[in-house]
Amino acid sequence: MNSKIFLNTKFLILPNSNTTSIEILSELIRKFGGEIIEDLEDLDKNTVILINDSYIGDSGSLIQQDLFRRECHVNFTTLEDFVHANELQIVRVSCVSRWIKQGAFQILGEDLVSIISDTGEEHGSQTSTDNSITDIIIDENVPDSEAETEGNIELESFEDVENRNSMQYEHINEPLIESSYINLGKNDVLIKALNLLAKKYRLKGDQFRARSYTLAKASIEKCPYKIESGAQAQRELTNIGLSIAKKIDIILKTGILPGLEEVNLVERKLDYFTNCHAVGSYKAKRWELFKLSSFSDVVTRFPDDFITDWTMLFGWSYYEDWSKRISREECECHLKIVKDTLKTIDPSCHVELQGSYVRGSETCGDIDLLFYKQYCDDTKEIGIIFEKLVRLLFRKGFIQCSLMLTSKLQETFKDILRERFQKCGLKYPSGSSLFASDINKKYYLGTKLPTSVYKARDEPPLLKLKECDKYMSLSSSRKNENPCRRLDFFCCKWSEIGAARMQWTGSGEFNRWIRLLADKHGLKLSQHGLFTREGELLESYDERKIFQLLHVDYVKPELRSEGLWQQDETKGMIKK
DNA sequence: GGGCCGTACTG
DNA sequence: CAGTACG
DNA sequence: GCCC
């Protein structure tokens, strides 16, 4: 019944395609036969350029050009040339929903967008005057300043947000609604909305409100039937209260996710920053407050931030590589290399994969390795092995960078560090220590396999650096080279192997759930074991015993990923 | 109205 | 101590 | 924002 109205048509979405609603649109385009491209190399003469409506002014031309260029994930000038040479059509993204609705791919005159720079000159200065009155600025600031001045007592009601935003962005929201022809899963719209709300509050630094939305989302994900009303959800599911119930009603009624569209430029900036290692909501908020929107902005304005938190240099350098997923096979190759070198240092030291790998994930975000020695409860000993191991693996070219140092290792890595500092115009702080301890119980590393051992599939990163930040990038781009991976070393005492495996197997949500459960029993659980409130050890060696002491059936690692472990414990999901 | 996981490392 | 990170 |  779905005609392939976009068959043989490629679409390039600008300024970027990594916002949630654009992702949904992309799915739709693919579903109706179209192809979404990310790179200019894939452009052809029939490619249609889609422009996010929030960058299109009343007259149908591009507004906020300098911002647009900065947000652009492709080189805008190159694109412009190609567009002019091949007379490509440039259309507002909101047309997609109309095409699908009408079942015909037909571009009308009013859909077309002009991207021709009025001045023809370089971007940069021309924006300051006109933009103060453009709708973008207004859209962005009104909701936020309001929320701020309300002083956190009563947050803006959902209805308010809807009134502010739905008018302007109805066309963007529209395709999410009429799911008659969009075959989304039963509660997918709700799940997506709650996920966005969680993300929004996490970026704001409101971890608890964010967590509430995460838990509510989990409840709905596990709900086997379609939710018909907010009241029903509140009645039958846990972690859904009055406020979320109201939101559910609005979404069910209108299909809109009010106030959640990508139009919020502030959130997008925060998101760009916080996806860099060592940048959390605090730093991101501060930078955003100073109107910075790229790492190159930050390095000019607050160079000290990069000196004190130098690991950001590597977060920046590997921003794209570290957003890529890793195959299980590649995880095993990383383990083998570490294991082989470990053997030459201390053959009695063991190392094993943990994290999402042991939970059986198809792909992993990073690689977690747990080290221990039989009968050895001295983690210092392993800390010393770590240091040697890191040095050897760096010399072999496997380790690219370390986000944790000791005095010896600062010496080992000093050339790389100096190069990175200088690359972004900073002076290497040769007098100061970039480490706090001389024996670390864990290491965060960047590692890369030689292609002779394993070649990872060439996939686009999930996150892209802005054009102006790319000069620092060490990500593998399209070279015949593997991406750099995040690899973590952890260690544990032999006597704590059970509790440690529990911790490092995760998931994070599973850990929080079972620790909260321990707390309800008046106990405390950590990677060091299960303890009484007074600190008396109950169990740390035998993982199954820990489960027993908490009165829960053993949960297989495969069931410890988000949302899977409470299958026998329906109370967690459905109220009784 | 207070709690929301518990720990390691950095400055 | 706060901030960031790890599962 | 939810739960006790």
# chains A, B, ... in the order shown; residues from 1 in each chain; ligands from 1
$ residues_around --residues "DC3 of chain D" --least-positions-apart "5" --cutoff "12 Å" --atoms "only C-alpha atoms (C1' of nucleotides)" --output "ChimeraX atom specification"
/A:212,238-241 /B:1-4
$ interface_residues --of "chain C" --to "chain A" --cutoff "8 Å" --atoms "only C-alpha atoms (C1' of nucleotides)" --output "number ranges by chain"
C: 3-5, 7
$ interface_residues --of "chain A" --to "chain B" --cutoff "10 Å" --atoms "only C-alpha atoms (C1' of nucleotides)" --output "ChimeraX atom specification"
/A:207-209,211-212,308-309,404,434-437,440-443,503,508-516,519,524-528
$ write_last_selection --atoms "N, CA, C and O atoms" --output "tab-separated table (two decimals), in the first residue's frame"
chain	number	residue	atom	x	y	z
A	207	GLN	N	19.27	16.15	36.65
A	207	GLN	CA	19.39	14.70	36.51
A	207	GLN	C	18.18	13.94	37.04
A	207	GLN	O	17.82	12.90	36.49
A	208	PHE	N	17.54	14.47	38.05
A	208	PHE	CA	16.44	13.69	38.65
A	208	PHE	C	15.19	13.73	37.80
A	208	PHE	O	14.51	12.72	37.60
A	209	ARG	N	14.89	14.90	37.28
A	209	ARG	CA	13.74	14.99	36.40
A	209	ARG	C	14.02	14.15	35.14
A	209	ARG	O	13.15	13.41	34.67
A	211	ARG	N	15.82	11.54	34.97
A	211	ARG	CA	15.68	10.13	35.33
A	211	ARG	C	14.22	9.70	35.40
A	211	ARG	O	13.87	8.60	35.00
A	212	SER	N	13.38	10.59	35.89
A	212	SER	CA	11.96	10.27	35.93
A	212	SER	C	11.44	9.94	34.53
A	212	SER	O	10.70	8.99	34.35
A	308	THR	N	43.24	22.91	32.03
A	308	THR	CA	42.90	22.18	33.25
A	308	THR	C	42.24	20.84	32.92
A	308	THR	O	42.55	19.83	33.52
A	309	ASP	N	41.31	20.85	31.96
A	309	ASP	CA	40.66	19.61	31.58
A	309	ASP	C	41.21	19.14	30.25
A	309	ASP	O	40.50	19.06	29.25
A	404	MET	N	44.04	9.13	31.43
A	404	MET	CA	44.50	9.10	32.82
A	404	MET	C	46.00	8.86	32.78
A	404	MET	O	46.48	8.03	32.03
A	434	LEU	N	49.74	16.50	34.80
A	434	LEU	CA	48.45	16.20	34.21
A	434	LEU	C	47.87	14.93	34.84
A	434	LEU	O	47.05	14.25	34.27
A	435	PHE	N	48.36	14.61	36.05
A	435	PHE	CA	47.87	13.42	36.74
A	435	PHE	C	47.73	13.75	38.21
A	435	PHE	O	48.30	14.73	38.70
A	436	ALA	N	46.95	12.93	38.91
A	436	ALA	CA	46.75	13.19	40.33
A	436	ALA	C	47.33	12.05	41.18
A	436	ALA	O	47.74	12.25	42.30
A	437	SER	N	47.33	10.87	40.60
A	437	SER	CA	47.78	9.73	41.37
A	437	SER	C	48.85	8.97	40.59
A	437	SER	O	48.91	9.06	39.36
A	440	ASN	N	46.83	4.03	39.36
A	440	ASN	CA	45.41	4.14	39.04
A	440	ASN	C	44.75	2.77	39.03
A	440	ASN	O	45.30	1.80	38.54
A	441	LYS	N	43.52	2.75	39.56
A	441	LYS	CA	42.76	1.50	39.53
A	441	LYS	C	42.01	1.37	38.23
A	441	LYS	O	41.32	0.37	38.01
A	442	LYS	N	42.04	2.40	37.42
A	442	LYS	CA	41.39	2.29	36.11
A	442	LYS	C	42.06	3.22	35.12
A	442	LYS	O	42.72	4.20	35.51
A	443	TYR	N	41.92	2.88	33.86
A	443	TYR	CA	42.44	3.73	32.79
A	443	TYR	C	41.38	3.87	31.72
A	443	TYR	O	40.68	2.91	31.40
A	503	GLN	N	29.20	-5.25	38.67
A	503	GLN	CA	29.32	-3.82	38.36
A	503	GLN	C	29.67	-3.61	36.90
A	503	GLN	O	29.04	-2.83	36.20
A	508	GLY	N	24.22	0.11	33.36
A	508	GLY	CA	24.13	1.13	34.37
A	508	GLY	C	22.76	1.15	35.03
A	508	GLY	O	22.66	1.25	36.26
A	509	GLU	N	21.73	1.03	34.22
A	509	GLU	CA	20.37	1.03	34.77
A	509	GLU	C	20.13	-0.19	35.66
A	509	GLU	O	19.49	-0.10	36.70
A	510	PHE	N	20.65	-1.32	35.21
A	510	PHE	CA	20.52	-2.53	36.03
A	510	PHE	C	21.21	-2.33	37.38
A	510	PHE	O	20.66	-2.66	38.43
A	511	ASN	N	22.42	-1.76	37.35
A	511	ASN	CA	23.14	-1.51	38.60
A	511	ASN	C	22.35	-0.61	39.54
A	511	ASN	O	22.25	-0.87	40.74
A	512	ARG	N	21.78	0.44	38.98
A	512	ARG	CA	21.01	1.35	39.83
A	512	ARG	C	19.80	0.66	40.40
A	512	ARG	O	19.46	0.84	41.57
A	513	TRP	N	19.16	-0.17	39.60
A	513	TRP	CA	17.97	-0.87	40.06
A	513	TRP	C	18.31	-1.80	41.21
A	513	TRP	O	17.67	-1.80	42.26
A	514	ILE	N	19.38	-2.60	41.04
A	514	ILE	CA	19.68	-3.61	42.06
A	514	ILE	C	20.27	-2.97	43.31
A	514	ILE	O	20.08	-3.44	44.43
A	515	ARG	N	20.95	-1.83	43.14
A	515	ARG	CA	21.48	-1.12	44.30
A	515	ARG	C	20.36	-0.47	45.11
A	515	ARG	O	20.41	-0.43	46.34
A	516	LEU	N	19.37	0.01	44.39
A	516	LEU	CA	18.22	0.58	45.08
A	516	LEU	C	17.50	-0.51	45.86
A	516	LEU	O	17.06	-0.32	46.99
A	519	ASP	N	19.34	-1.20	48.91
A	519	ASP	CA	19.05	-0.14	49.87
A	519	ASP	C	17.74	-0.40	50.60
A	519	ASP	O	17.62	-0.19	51.80
A	524	LYS	N	23.93	-2.22	51.29
A	524	LYS	CA	24.62	-1.35	50.33
A	524	LYS	C	25.41	-2.23	49.37
A	524	LYS	O	26.19	-3.08	49.79
A	525	LEU	N	25.19	-2.01	48.08
A	525	LEU	CA	25.89	-2.80	47.07
A	525	LEU	C	26.80	-1.90	46.22
A	525	LEU	O	26.39	-0.83	45.78
A	526	SER	N	28.02	-2.37	46.00
A	526	SER	CA	28.95	-1.66	45.12
A	526	SER	C	29.84	-2.70	44.45
A	526	SER	O	29.65	-3.89	44.65
A	527	GLN	N	30.81	-2.23	43.68
A	527	GLN	CA	31.73	-3.19	43.04
A	527	GLN	C	32.58	-3.93	44.06
A	527	GLN	O	33.26	-4.88	43.73
A	528	HIS	N	32.55	-3.43	45.31
A	528	HIS	CA	33.35	-4.09	46.34
A	528	HIS	C	32.57	-5.14	47.11
A	528	HIS	O	33.16	-5.89	47.88
$ atom_distance --atom1 "atom CA of Pro557 of chain A" --atom2 "atom CA of Arg359 of chain A"
4.7 Å
$ residues_around --residues "Ser229 of chain A" --least-positions-apart "4" --cutoff "12 Å" --atoms "only C-alpha atoms (C1' of nucleotides)" --output "PyMOL selection string"
chain A and resi 187+190+225+233-237+240+242+244-253
